[in-house]
Every structure is written in structure tokens, then in C-alpha cells.
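Written below as C-alpha cells is the structure these notes are about.
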Protein chains: 2
Amino acid sequence: MSLLQSLFAPRRIALIGASSDARRLTARAQIYLRRHGFLGALYPINPRAAEVLGEPAYPSLAAIPEPVDLAYILLGTALVPEAVAECAAARVPVSCILADGFADAGPAGAAIEHAMVATARAGGMRLLGPNSMGLINLPAGIACSVNAALEAESLPKGRLSLVSHSGSLMGTLLSRAASRGIGFAKLIGTGNEADLSAGEIAEMLLDDPETDAILLFLETIRDPERIAAAARRAHMAKKPIIAYKLGRSEQGAALATTHTGAIAGSDAAADAFFRAHGILRVDQLETLFEIPPLAAAGPPPGAAKPPRRAVRVVTTTGGGGAMVVDRLGLFGIATARMHDTTLAGAAKGTVAEALSDARNAPDADLAIAVIGSSAQFRPHEAVAGVIAAAGKNPLIAFLTPEAPASLCLLAEAGIASFRTPESCADAVRAWLDWRAPRPPPAAPDVSAARSLLPSAFDEPGARALFAALGLPDGALLIDPDAPPPLLYPVALKAVCPGLAHKTEAGAVALDIADEAALRAAAAAMRARLGGRITGFLAQPMAHGLAEAILGFRRDPAIGPVVALGTGGILAEIFRDVVLRIAPVSEAEAAAMIGEVRGLAPARGYRGLKRADLAALAQAIARFSALAALPEVAEAEINPLILMPEGAGIVVADALLQTL
Amino acid sequence: MSLLQSLFAPRRIALIGASSDARRLTARAQIYLRRHGFLGALYPINPRAAEVLGEPAYPSLAAIPEPVDLAYILLGTALVPEAVAECAAARVPVSCILADGFADAGPAGAAIEHAMVATARAGGMRLLGPNSMGLINLPAGIACSVNAALEAESLPKGRLSLVSHSGSLMGTLLSRAASRGIGFAKLIGTGNEADLSAGEIAEMLLDDPETDAILLFLETIRDPERIAAAARRAHMAKKPIIAYKLGRSEQGAALATTHTGAIAGSDAAADAFFRAHGILRVDQLETLFEIPPLAAAGPPPGAAKPPRRAVRVVTTTGGGGAMVVDRLGLFGIATARMHDTTLAGAAKGTVAEALSDARNAPDADLAIAVIGSSAQFRPHEAVAGVIAAAGKNPLIAFLTPEAPASLCLLAEAGIASFRTPESCADAVRAWLDWRAPRPPPAAPDVSAARSLLPSAFDEPGARALFAALGLPDGALLIDPDAPPPLLYPVALKAVCPGLAHKTEAGAVALDIADEAALRAAAAAMRARLGGRITGFLAQPMAHGLAEAILGFRRDPAIGPVVALGTGGILAEIFRDVVLRIAPVSEAEAAAMIGEVRGLAPARGYRGLKRADLAALAQAIARFSALAALPEVAEAEINPLILMPEGAGIVVADALLQTL
């Protein structure tokens, strides 16, 4: 039996700690399994009962006569480790743990969690959770979960599968989608992911013939490599991966990570991660299950034919259409045409014809049908035109009134339909921003730079390493009392390892006109900083067109990222920084440059002189090769001076920190 | 009979152009009036039928034996003007016009609309529309509208009233609210507002004892003065006015205004307008009818006790709570504490106690209850704790699963409850940003400035006018060949009326060190610009800490506004501009300064030297007095140089345009 089968198609399930009180949380898994049609063997384990909810109970796992495919451990936190050990001893292929209070509760809990994983591994067993609400396979009628959404007498089966860090969100999404006639194939709560992670489950689901799209509800990203690998395969398999991730705000990130004991990465890094690997990220909760039929078409045509970022709207209500158009405008998505059929009514023929035209129009990426009041009382009539118009190019629908029946009909027809103008616009934005996974970048050659490691990095050291990666370095280590010929005016810097705020400390002198002034400046620095000075750097003064910050760091969740921002204090104030997973190609670096709003002047905004953006792109790409030097924790060029076209860039300050 | 009564409590209604074909749009008003309980007299007017849908028909208005309270004109566009004339002749108090094709169709239609208003006025008749879906008074059972939402056999009565530019949105909101058990008192579609405007209707609704809150669905703002007056009275009457306005994006604004023939104002001006007058503005559609119970508490405590911008969250689901907290964080709203009662379940006592604590906590402005799966299957139990905890300080709820019954129970209990984490966070943001209407500013004394008008304004003219308002002016009109003593270095500018891009044209010279250089610079300018030069301005060079743009204009929809932004190209790139309705007080100007992100350095960010912000606030307030000079269309100081504390500000360039 494969792991996928043990997880989603177990024939014998042990419920360890099953309660015989039907009102208890720990009774639910048994109730729900039977309610939703589990026909296999159930073994409630409860030493204080001969029978549990009408089925024979067992005092222990060892008392079960047959091998078990899956054990769901429903015990309190303190009793879990022993149960895990018993399961491992009995060679149960997979155990799922409901209780929390492990890594989510602090270092002591994390240690226990770690030990349980070791026990499981030693017994060849996989663990789901802890803090897992179990798993549900609706087409097979297996609801091995305590999630209260399973109270429903029946739930629609479908072809979406959900991997959720949060157990309760399984129910939230299940119930909301069900009310719209949108069904699920498999749902799984991965909780703390001590062993089985969202990435590994997503990989498995790619092989599941009953799953067409994979939804991720993430509190953080714990296994970026596996998720990335799954996403690359998903693209080949044409099974979109769609993510809703908490932690967009700092307080959200802090909460999500304390909640499950994960490490907090930055949300900008997560965004770069989703983008690099071809994962659709939605912003609004319901978009997560509304967008899949749109995503089924795959990402919009790629670099060869960039999206127009434009839609056509066909509406039976002017106000309803305007709401969507207005919101799309906020995302910079144009409306090539809005066709208002209000007077013509929602007659099938009129709407279908207008929508077919819209769907095939060369000036738009997709067509949006906005249906008004008819959707509420005459659902078949209201959606007939939309369904008739469906075809190759994407077509989606937004219904303005409360219209559950029409939403169900559209879901059945496989047309992405939206309850609110906000989620509709969110989906269009997410889809237009979606790109195929970038090819894994070639490992950059960093041998020259590697030979400079490890070492304590002062500024000359950082400059040497950047130069070994191919960045220009115009600074020279000099003896100011016997300087080589220099291109005056120059800047002079005292090298003082560990000195922060060099300018404020008087370790920098600018616009030095000649040798005499150089000597005087160096003397003044020596007087101020004395023995802290380990050398002097001189660099010709550069008067550039603009300044940028180029940064590199290892995000604790995502890994190496490269960041480009406007220079100076403004990048910070406006948070005007663009991030990518490192390393990046020059083409990707050029795209980054285009996204930094404050670099508009350097791009020739309003007829200003263009900077040497080709040199900047090259510098970004080369700098991003730091990703291949695992000893490097963090690096920064700030400012990086942009010279006019053809004149390259200047590294005006360099910083590097090793781990 | 008052206008309010004629509109919302008519006893005799003429339906001009009523169709006897029940499937026609023009038959609906009669059907819906009877379906929803209209007990008065209906007079379908149809010259081709003796009876319409079972009621006696009349060939014309004149044939009706009794005076009519309200006429709903259902005829096609071309026939409307004649019907309006007949209604006016018959002294019908109010006529409502369904057809569009008037101001919304262009200048010819606007002329016809204008003429109809004149006809109506001459007959003492008020007009609703054209392009109006009519009006609905649910408590009185009067559904005089063709809106298809009235197909419903019954609709919940409530204490919200809606004024909507868009007719179809009446149905959208009615149906969505009804599914949640949220009822309306009165709904009215004002369409093109040829005569009766949203502001006037809102004023009337303030006197309606059945209305507790007024919702506005606006495509534009046509009658700012009346809306402002209504909003001030609304604040006294403790009846919140809540607005959803299209046109946040430029394409949305363009569409909304072409749709109804309105003039496009800027959305930033509309936002300033809502803020100044104490109108709550929501961003998400459903927030519009979800927020009223929260708004019933009035705005958060004002300047004396500024809001903490913090909430307390009590949740039965960690993931559900985290979604709201995360989204609030994006608006800069902190979570003082999140109390997760997951383990304790949703037991009434536990939740109620935690919520009461949260509601009364001094570290938060309001409490949010997040209820998970129990809301779906055990609604009474799930919401009992929330309802028990309600009291003076605001308490709102977000339900994570599909839970219509729980939403209805909460609506019945008068607790603001939200379907999505997005609308929940939107409501909290809108409420925290809500302020009491600002007192109408004292009319500034502009007599000195007025005496300088009218005149063609070159830079010296603009400077003189600004100086007359009390702004500093450090520039002197000089004869460069015989200059007065100046504080060198100075800047010299040639005054060339109508010359754009002065710097590029060579009309500006900076850093002039002495008289000789001054003469030379003037000579060079004369050589370049010759007879265009009407004079020379000299001004000491100012090396400030930062630059700002101060602007004034008359928004076509809203009226005079004053804008403050970061100086230079960056204000434009980052759209870093703050707007207020002019004139502003110095206190309001100080608040504006605090909101311009790019002025953070001038505010002392990271220990930087603070600029003279008191002088800037004074300058903004004085400059905003331009509002009292109706001849002034537009004015700008760009750049306005911010000097260190105590050193004031410098007007480095001045521009003024009269109408």
C-alpha cells in the first residue's frame, strides 16, 4: 500500500482514545467516518469500554487482530508520545496526531515532537501533525477527522484537494464551498508538520487521479524545496497550486508562527517564492475555492506574448459591472470594453453572443460576465448565456444578487464564478500575475569568490568578494601618506571593522580635491579613530543619476533572496523594495528594476536621462550568486550609484556578514 | 402631504405606461406593489387597455378621477417629457422616471432633462430620476419599483435605508441583506438626480422615525453641500451615514460618470469630503450593510481620547482569528490580545466572559468574536456567548463557516457580523477612521487678497496674493542692472507670463554669488528670452531640510481642496499626496503633515533634524483660504522649502490660475 493509499484510502483505521460519549470531540472521527460512508474496519481503542458507539472497542493497539493502515491518535498531549511508540512498534504505516501542545507550545514541546518523529522513523512510520484535524477523502467516503463541518449529512464530492495548516479552516472552506455546489476530493490538516509536510502531501496529490487542483491554506512555509518541486511538477501536470497564506502583516506573521511553532519568514519572501515557482496566490479567502476553474486554463501566455492586463466585461447591470471594473482599475487592470446589455435583458442569446465576442477579443486577456437580478430568481435562464459562451479563452462570472442556485449551476458547468466584486477582481489579478515556474537557475560559478571565504569581512573584504563575483570595484586600498595616482576628486574612508554609522563617526570624507587634502583628511580620521583604523579606501567621486540599495539575505523560511530598492531613506519609508528568490538571471533582474517605483527617474520617466540599467541588471544577477555561498548570511551595497547609460554602476559602500 | 410622505407613503399611485404583459419590465411595478402589500389606489395608465393585470386602466392621467400622490413614468425615453408635462399640469407632487437616455446619453439628453426639470418646477412638482428604479418602503408595504429583487414573496423589514444612484444595486443589497435577516426600511434609486438628489433624500430620511442608518451607494457626488448638511445633522441625530462609492480607480470613475452623466471628481477629493463630514466610507460591498450596528455606537472617541487602533479578538478557531488579525495588521490596526478558546469550545459562558473582558479592556477600541464550526450546525449555542456579552463598548463578530442561521441570529440581536475576514477588517478600519463632522471652518478673512483680484497672475502676482493671505515671500522684483542690497547667494528668475518649464527654458539661475554675476545672468536670460521677460525676481538661496508641494484646486464634484505632498518627482511616483476640503485649520493642516509619508524625514524620522512644521501648518491653513476666493481655480507652491525649526518655510515658486 502506497503512502497516498494509507493516508487517503485506508481500509483499517484505529482511533486511539475514541470516546464513547458522542458529544465529545474525540468521538467525532468515528461518527463522521460512518456518517460519510466508511465501509472498512474501525478499531476504537478505549481501555475503559467494551464497545464505543456501537462498535467493539479494543484496550490497546496490540489487541487489534489485524494490521492497521492508519492510526488517528485522539489522546491528550501527555499521552501522545507513548501512543506514537506503540504505533511504530506495531508498524502502522501512518499515524495522525490531533493534540496540540508540541512545537506550537515552545522549545520543550518541540523536543518531544522531535523525539516522536525519531521514534516513528525508526519504526518506518510516517506522522501527520501533531495539531492535525485529520484527513478526508470525499469520493471514497472516508472522513477521518474531527472537523465539525462533517456534521453535514452529505458533502459534495469534487476535484479540488486542500492541504491546510489550520484544521478549522478545512471546515471553513468545506462548508463555504459546499453551499456553492463546489466539492472537494481530499482535504488534509498538516498542523505542525513534524514529519509529513504540505509540500510532500501536495506532491502526492499530483499523482491522485481524483485531484485537478491543489489548494494550500498556509500559516507559514516550512518546506520550500518540496513545495517548489511540487509546483514545478504541477505545472507539467496542468494541476494548478493555489495558495492563501497568512502573515501578510507583521502581526499576522507573528501570530501564525507562534500558533504552530513555525519560523517566521518575511511575507515579501513568500510572495517571491510563490511567484518563482508558479503558485497562484490569492488575497481573499473565498477566492481560494472560486478561482480553480480559471486556473485550470493555466497561466496567461508567457513572455512571448505578455498579458494585456485587460478584460472585457459583459453585464446585465451597469452598477454591477462598474463595481468590478473599478476594483480591477485599482490593480492596474484595464477594461478594454464594457458591454452593457441591461436593456436587452439577460436573454441567453444576447449574453452568449456578447460573451463569445468578448472572450475572443484580441484586446483582452479574459471575459467577465456580470449577471444581475435574473441570477436570483431565474437561475437557469440567467446563467444559460454564460454557459453557452464558455470555450477556450477564459470566461468568469460575477453575480450581483444573493444567488446560490446560479452559483451552483455555474460551478457545475466548470465556470469560475464569484460572490463579491472583491474576490472577482482578486482572482483576475492573481491569474494575470501568475507565471509558469521559472526554470531552476543554473548554479552560478562562485569558485573565485569561495576561495575568499571564510574570513572576517570588513569593507575591502566584501568588495573583494563582490569583485570575485564580477561586480565592479572602483575603490583602492591606499596608504594616504604615499598615495598612488588617483582620479581626483575622491572619497576617502577609514576601514574600521565593526564601526557602524561611518559618516557620523567621521570615517568618511567626500570631494577630496588633491593629495594634500587627502593627507589632511586621513590625519583627521586617525586623530578621531586611532587604532580602530585598519586601512584606508579611496574611490573617485561618482555623481550618478540615482541611487539604489541592493541587498541579499537568507530568509529563515524561504532561503536566499535578493532585494532591490530605491536608495536612501525613501526605500524604507515607502517600502519600495522588490524581492526575488536568489540567484536571478539578468532578465529577471531587469524585471526587478522595472518594478521598483522609485527608480522611475532612472528608467527615463518624464524624459529624464536614463541610467545604465543593463549594468545594474548584470550587477544584480552577479550579486545574487551569493546564494551559492552558504556561508554568506547577508550582504548589501548601499548606496549603489547608477551612472548614465554606458557608464555602469558604482559600488559606493559594501557590507557582508557570514554565518 | 409632505414630500417624504408623497415619496414613501403615497396613497394613490399612477403607473404611466404600465404594461398588461406580466413578463414586461413595465408591468413589474404594479405586480410588486400588490405583492408586497400596497393597499392604496393604483392607476395603471395604458391607452390600449381597459384593464391592466386585473385593475382598471386609464387612458391618461387626466382621466383619473382623484388627485395622485406619486406618478411612476415607465414610458420609453422619447415619451417621457410629455408625460412629465402632464404630471406637472395635474399637480402631481412627485414623478419618478424609469427611462435612461437623458444626461447619461450626452449633451442633447442633458438639455431635455434640464427642460423637464423646468417644467416640473413650474408645476410645483418634484422629479425622481430619470434612470430611477423607483422607491420601496418595506414597513409600509410599498414597493413602487421594477427591481427584480421584489420577486421575493416577502422581504425582511428593518431600520436601514438605502439611497442608490444605481437601481440594480438596490436589488443587490436588498437580496444579500435579506439572506442574512437584515431588513430595510426605505430604498430609493436616485438615478441621474435631475432634481431630487441623494443629499436631499438623505436629509429627509433623517426625519424618518423608521430609519436608523442611511446607506449610500454612490457613483459620484453631485450635491456635496446637501450631503454635507445631511451628514452634520445625521451626527446630531445619531443616525450614521455610510457610503460605498465607485470611482476609486480612474477607469471606475470614468465609467461611473459616463453611466449617469455626472461630472467626475477625483476619488481623493471624495475621500476628503467623506472624512470632513463624518461619513463612514466602506471599501467592500457587503460591509455596507454589515457595518451599521457597529456604526450605531457613533464614531470612536475623538481628539480628546484618540482611538488606540487596537482590537481584542476572542476566537474559537485559531486559524479564523489569525485571518482577521492578519488583515487588520495590513491597515496598521494592532491586536492587543487574541484569546483562543479553541480547547474550551464555544461554550456560552466561556465565550461571553472572555468577550466581556475584551470589550471592556482599556487597551483596545473594540472586541471581535470569531466563531468557528459551531456557528454552522448549532447556531443558537454558537452565538449565545456573543449575544450575552453585548453591551456598551463595541463588539462585532466574524463567522468562519457558511453559517446563515447564525448570521441571522446576530443580526436580530443587533450585533454587527461579517461573512468574510476581509469585510470584517474593512469595517474595523472604516470605523476607526471615522470622525465626527468637522465644525464648518470660520470664513477666512481674504479681503486683502481679494483686492488683488481679478488680474492675470504671473509669479509676482501669485506671490503677492499668497503674501496677502499671510504666507511669507522672500522674493523681490528687482532691476538686475541696479539691484537693491541682496542676501547673496541668490536665485534669479525671469518673469515670463505663460512660460512653462522655466528651468529648461533658461529662465532660472541658481547660486548667484554677487552683483556682477547677477547682471551677467540677467543678460543671458534677456538674450535667450527677449521680449517675453516682464521682470526679474531675486530670492536668497534656501537650503532646506526637505521640499514639499502645496496645491489648491476646485474639484469639479467636491469643490475647493488643498493638497500637500512630498516635493519633487517622488510625490508623483508614489502618489504621496494628502488632500483635505479647503479651508483647513492649522490643527487639520498639522494632521495632513503627519500623513504625508515622504515628509517623515522632516518630522524627525531616525533622529533627523526636524523642519519647522508649525510654520508649514500655518502656511497650509493660510493658503487654503483660497477657497474663499471663487475666482481662483488653481494654485501651487512647488517647491515649498522646509527650513529647520524656527526658520519657517520658503516659497520657492508660486503659481496661480483664475477661472
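Just so we're on the same page: first chain in the C-alpha cells is A, next is B, and so on; residues restart at 1 for each chain, and ligands are numbered from 1 in the order they show up.
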
Practice prompt. Compile the residues of chain B that lie within 6 Å of chain A, evaluated using only C-alpha atoms, and express the compilation as a PyMOL selection string.
Written response: chain B and resi 148+166+172+175-176+249+251-252+319+325-326+329-330+373+400-402

Can I get the selection written as a PDB file, in the first residue's frame, with N, CA and C atoms?
```
ATOM      1  N   ALA B 148     -36.013  43.620  -9.725  1.00  0.00           N
ATOM      2  CA  ALA B 148     -36.376  42.211  -9.687  1.00  0.00           C
ATOM      3  C   ALA B 148     -36.194  41.571  -8.314  1.00  0.00           C
ATOM      4  N   SER B 166     -27.403  53.724  -8.429  1.00  0.00           N
ATOM      5  CA  SER B 166     -27.657  52.588  -9.316  1.00  0.00           C
ATOM      6  C   SER B 166     -28.913  51.874  -8.875  1.00  0.00           C
ATOM      7  N   THR B 172     -29.338  44.220  -5.472  1.00  0.00           N
ATOM      8  CA  THR B 172     -28.154  43.503  -4.989  1.00  0.00           C
ATOM      9  C   THR B 172     -28.096  43.549  -3.464  1.00  0.00           C
ATOM     10  N   SER B 175     -31.244  41.838  -1.670  1.00  0.00           N
ATOM     11  CA  SER B 175     -31.255  40.373  -1.654  1.00  0.00           C
ATOM     12  C   SER B 175     -30.155  39.823  -0.761  1.00  0.00           C
ATOM     13  N   ARG B 176     -28.984  40.435  -0.801  1.00  0.00           N
ATOM     14  CA  ARG B 176     -27.884  39.938   0.030  1.00  0.00           C
ATOM     15  C   ARG B 176     -28.172  40.154   1.513  1.00  0.00           C
ATOM     16  N   SER B 249     -10.762  53.843  -8.715  1.00  0.00           N
ATOM     17  CA  SER B 249      -9.748  53.849  -9.764  1.00  0.00           C
ATOM     18  C   SER B 249     -10.201  54.817 -10.841  1.00  0.00           C
ATOM     19  N   GLN B 251     -10.395  54.408 -14.039  1.00  0.00           N
ATOM     20  CA  GLN B 251     -11.323  53.865 -15.034  1.00  0.00           C
ATOM     21  C   GLN B 251     -12.705  53.657 -14.420  1.00  0.00           C
ATOM     22  N   GLY B 252     -12.737  53.361 -13.124  1.00  0.00           N
ATOM     23  CA  GLY B 252     -14.029  53.253 -12.452  1.00  0.00           C
ATOM     24  C   GLY B 252     -14.736  54.588 -12.420  1.00  0.00           C
ATOM     25  N   GLY B 319      -7.060  29.550  13.440  1.00  0.00           N
ATOM     26  CA  GLY B 319      -6.868  29.972  12.054  1.00  0.00           C
ATOM     27  C   GLY B 319      -7.818  31.097  11.664  1.00  0.00           C
ATOM     28  N   VAL B 325      -6.853  39.027  12.239  1.00  0.00           N
ATOM     29  CA  VAL B 325      -5.702  39.745  12.817  1.00  0.00           C
ATOM     30  C   VAL B 325      -4.710  40.133  11.721  1.00  0.00           C
ATOM     31  N   ASP B 326      -4.465  39.198  10.810  1.00  0.00           N
ATOM     32  CA  ASP B 326      -3.509  39.435   9.733  1.00  0.00           C
ATOM     33  C   ASP B 326      -3.977  40.605   8.871  1.00  0.00           C
ATOM     34  N   GLY B 329      -3.758  43.931  10.532  1.00  0.00           N
ATOM     35  CA  GLY B 329      -2.365  44.378  10.559  1.00  0.00           C
ATOM     36  C   GLY B 329      -2.003  45.148   9.294  1.00  0.00           C
ATOM     37  N   LEU B 330      -2.573  44.757   8.171  1.00  0.00           N
ATOM     38  CA  LEU B 330      -2.299  45.466   6.914  1.00  0.00           C
ATOM     39  C   LEU B 330      -2.795  46.905   6.974  1.00  0.00           C
ATOM     40  N   SER B 373     -16.739  26.407  13.662  1.00  0.00           N
ATOM     41  CA  SER B 373     -17.694  25.442  13.134  1.00  0.00           C
ATOM     42  C   SER B 373     -19.030  25.395  13.862  1.00  0.00           C
ATOM     43  N   THR B 400     -16.597  31.937  10.731  1.00  0.00           N
ATOM     44  CA  THR B 400     -15.730  31.358   9.701  1.00  0.00           C
ATOM     45  C   THR B 400     -16.452  30.403   8.744  1.00  0.00           C
ATOM     46  N   PRO B 401     -17.404  29.578   9.184  1.00  0.00           N
ATOM     47  CA  PRO B 401     -18.009  28.678   8.194  1.00  0.00           C
ATOM     48  C   PRO B 401     -19.188  29.342   7.484  1.00  0.00           C
ATOM     49  N   GLU B 402     -19.775  28.647   6.534  1.00  0.00           N
ATOM     50  CA  GLU B 402     -21.043  29.069   5.953  1.00  0.00           C
ATOM     51  C   GLU B 402     -22.073  28.908   7.069  1.00  0.00           C
TER      52      GLU B 402
END
```

Worksheet entry | Long-range neighbours of B:Ser20 as a PyMOL selection string, 7 Å cut-off, only C-alpha atoms, 2 positions minimum in chain | chain B and resi 18+22+27+52-53

Would you export the selected residues with N, CA, C and O atoms as a PDB file, in the first residue's frame, please?
```pdb
ATOM      1  N   ALA B  18     -47.917  51.483 -17.812  1.00  0.00           N
ATOM      2  CA  ALA B  18     -47.940  50.138 -17.222  1.00  0.00           C
ATOM      3  C   ALA B  18     -48.344  49.125 -18.294  1.00  0.00           C
ATOM      4  O   ALA B  18     -49.313  49.335 -19.028  1.00  0.00           O
ATOM      5  N   ALA B  22     -47.487  40.634 -18.143  1.00  0.00           N
ATOM      6  CA  ALA B  22     -46.816  40.478 -16.845  1.00  0.00           C
ATOM      7  C   ALA B  22     -45.320  40.197 -16.991  1.00  0.00           C
ATOM      8  O   ALA B  22     -44.560  40.348 -16.043  1.00  0.00           O
ATOM      9  N   ALA B  27     -44.455  46.071 -16.408  1.00  0.00           N
ATOM     10  CA  ALA B  27     -45.582  45.526 -15.634  1.00  0.00           C
ATOM     11  C   ALA B  27     -45.183  45.329 -14.177  1.00  0.00           C
ATOM     12  O   ALA B  27     -46.029  45.166 -13.299  1.00  0.00           O
ATOM     13  N   VAL B  52     -55.549  46.468 -16.682  1.00  0.00           N
ATOM     14  CA  VAL B  52     -54.146  46.016 -16.682  1.00  0.00           C
ATOM     15  C   VAL B  52     -53.942  45.131 -15.454  1.00  0.00           C
ATOM     16  O   VAL B  52     -54.153  45.579 -14.319  1.00  0.00           O
ATOM     17  N   LEU B  53     -53.599  43.892 -15.712  1.00  0.00           N
ATOM     18  CA  LEU B  53     -53.326  42.930 -14.627  1.00  0.00           C
ATOM     19  C   LEU B  53     -54.430  42.961 -13.571  1.00  0.00           C
ATOM     20  O   LEU B  53     -54.162  42.986 -12.362  1.00  0.00           O
TER      21      LEU B  53
END
```

Practice prompt. Extract, using only C-alpha atoms, all DNA, RNA and protein residues at most 10 Å from A:Ala369, discarding same-chain residues fewer than 6 positions from it, and format them as a list in words.
Written response: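 Once the adjacent positions are removed, what remains is Arg312, Val313, Val314, Thr315, Thr316, Gly321, Met338, His339, Val351, Ala352, Ala354, Leu355, Ala358, Arg359, Val383, Gly385, Val386, Ala389, Leu395, Ile396, Ala397, Phe398, Leu399 and Ser417 of chain A.
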
Selection: 10 Å around A:Pro292, only C-alpha atoms, excl. self and same-chain fewer than 3 positions, as a JSON list (two decimals) with N, CA and C atoms, in the first residue's frame:
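Wrote around29.json, looks like this:
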```json
[["chain", "number", "residue", "atom", "x", "y", "z"],
["A", 159, "ARG", "N", -13.29, 17.89, -7.37],
["A", 159, "ARG", "CA", -11.96, 17.57, -7.86],
["A", 159, "ARG", "C", -10.90, 18.55, -7.33],
["A", 160, "LEU", "N", -11.28, 19.28, -6.26],
["A", 160, "LEU", "CA", -10.30, 20.13, -5.58],
["A", 160, "LEU", "C", -9.78, 19.39, -4.37],
["A", 212, "ASP", "N", -7.78, 17.70, -9.38],
["A", 212, "ASP", "CA", -7.44, 18.56, -10.52],
["A", 212, "ASP", "C", -6.68, 19.81, -10.10],
["A", 213, "ALA", "N", -6.91, 20.26, -8.87],
["A", 213, "ALA", "CA", -6.24, 21.48, -8.40],
["A", 213, "ALA", "C", -5.96, 21.31, -6.92],
["A", 214, "ILE", "N", -4.87, 21.91, -6.46],
["A", 214, "ILE", "CA", -4.47, 21.77, -5.06],
["A", 214, "ILE", "C", -4.52, 23.14, -4.40],
["A", 215, "LEU", "N", -5.32, 23.23, -3.35],
["A", 215, "LEU", "CA", -5.42, 24.48, -2.59],
["A", 215, "LEU", "C", -4.56, 24.37, -1.34],
["A", 239, "LYS", "N", -1.96, 20.86, -13.14],
["A", 239, "LYS", "CA", -2.79, 20.91, -11.94],
["A", 239, "LYS", "C", -2.35, 22.15, -11.14],
["A", 240, "PRO", "N", -3.12, 23.21, -11.21],
["A", 240, "PRO", "CA", -2.67, 24.43, -10.53],
["A", 240, "PRO", "C", -2.56, 24.25, -9.02],
["A", 241, "ILE", "N", -1.58, 24.91, -8.43],
["A", 241, "ILE", "CA", -1.48, 25.01, -6.97],
["A", 241, "ILE", "C", -1.82, 26.45, -6.60],
["A", 242, "ILE", "N", -2.79, 26.60, -5.71],
["A", 242, "ILE", "CA", -3.31, 27.91, -5.35],
["A", 242, "ILE", "C", -3.16, 28.09, -3.84],
["A", 280, "LEU", "N", -0.15, 30.19, -7.71],
["A", 280, "LEU", "CA", -1.10, 31.30, -7.69],
["A", 280, "LEU", "C", -1.35, 31.69, -6.25],
["A", 287, "THR", "N", -11.72, 33.51, -2.66],
["A", 287, "THR", "CA", -11.09, 33.36, -3.98],
["A", 287, "THR", "C", -10.40, 32.00, -4.08],
["A", 288, "LEU", "N", -9.95, 31.49, -2.93],
["A", 288, "LEU", "CA", -9.21, 30.23, -2.92],
["A", 288, "LEU", "C", -9.99, 29.09, -3.59],
["A", 289, "PHE", "N", -11.30, 29.00, -3.29],
["A", 289, "PHE", "CA", -12.04, 27.92, -3.94],
["A", 289, "PHE", "C", -12.86, 28.40, -5.14],
["A", 295, "ALA", "N", -8.03, 28.96, -13.12],
["A", 295, "ALA", "CA", -6.65, 28.49, -13.08],
["A", 295, "ALA", "C", -6.46, 27.25, -13.95],
["A", 296, "ALA", "N", -7.55, 26.54, -14.19],
["A", 296, "ALA", "CA", -7.43, 25.31, -15.00],
["A", 296, "ALA", "C", -6.91, 25.62, -16.39],
["A", 297, "ALA", "N", -7.12, 26.86, -16.85],
["A", 297, "ALA", "CA", -6.64, 27.25, -18.17],
["A", 297, "ALA", "C", -5.13, 27.41, -18.19],
["A", 298, "GLY", "N", -4.50, 27.33, -17.04],
["A", 298, "GLY", "CA", -3.05, 27.55, -16.98],
["A", 298, "GLY", "C", -2.77, 29.03, -16.88],
["A", 414, "GLY", "N", -18.43, 24.25, -14.55],
["A", 414, "GLY", "CA", -16.98, 24.47, -14.57],
["A", 414, "GLY", "C", -16.58, 25.89, -14.89],
["A", 415, "ILE", "N", -17.43, 26.84, -14.57],
["A", 415, "ILE", "CA", -17.11, 28.25, -14.83],
["A", 415, "ILE", "C", -16.79, 28.94, -13.50],
["A", 416, "ALA", "N", -15.64, 29.57, -13.43],
["A", 416, "ALA", "CA", -15.25, 30.26, -12.20],
["A", 416, "ALA", "C", -16.25, 31.38, -11.95],
["A", 417, "SER", "N", -16.89, 31.35, -10.80],
["A", 417, "SER", "CA", -17.87, 32.39, -10.51],
["A", 417, "SER", "C", -17.63, 32.92, -9.11],
["A", 427, "ALA", "N", -9.24, 37.49, -8.11],
["A", 427, "ALA", "CA", -8.91, 36.33, -8.96],
["A", 427, "ALA", "C", -8.28, 36.77, -10.27]]
```

Fill in: atom CA of A:Ala582 to atom CA of A:Val561, distance in Å rounded to a single decimal
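Going from atom CA of A:Ala582 over to atom CA of A:Val561, I get 4.7 Å.
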
Worksheet entry | Shell of 12 Å around B:Gly54, only C-alpha atoms, local chain residues under 2 positions omitted, as a list in words |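 Listing them by chain and then by number gives Ser19, Ser20, Asp21, Ala22, Ala27, Gln30, Ile31, Arg34, Leu42, Tyr43, Pro44, Ala49, Ala50, Glu51, Val52, Pro56 and Ala57 of chain B.
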
Discussion item. Please report the interatomic distance between atom CA of B:His501 and atom CA of B:Leu656 in Å with one decimal.
Written reply: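 Between these atoms lies a distance of 15.2 Å.
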
Worksheet item: Skipping near chain neighbours, those fewer than 6 positions away, what residues fall within 6 Å of stretch 67-76 of chain B using only C-alpha atoms, listed as a PyMOL selection string?
Response: chain B and resi 6+10+12-17+26+92+94-99

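Restricting the calculation to only C-alpha atoms, the smallest distance between B:Pro130 and any of B:Ala111, B:Asp195, B:Ala388, B:Lys186 is found for B:Asp195.
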
Practice prompt. For atom CA of B:Ala268 and atom CA of A:Arg337, quote the distance in Å rounded to one decimal.
Written response: 25.2 Å
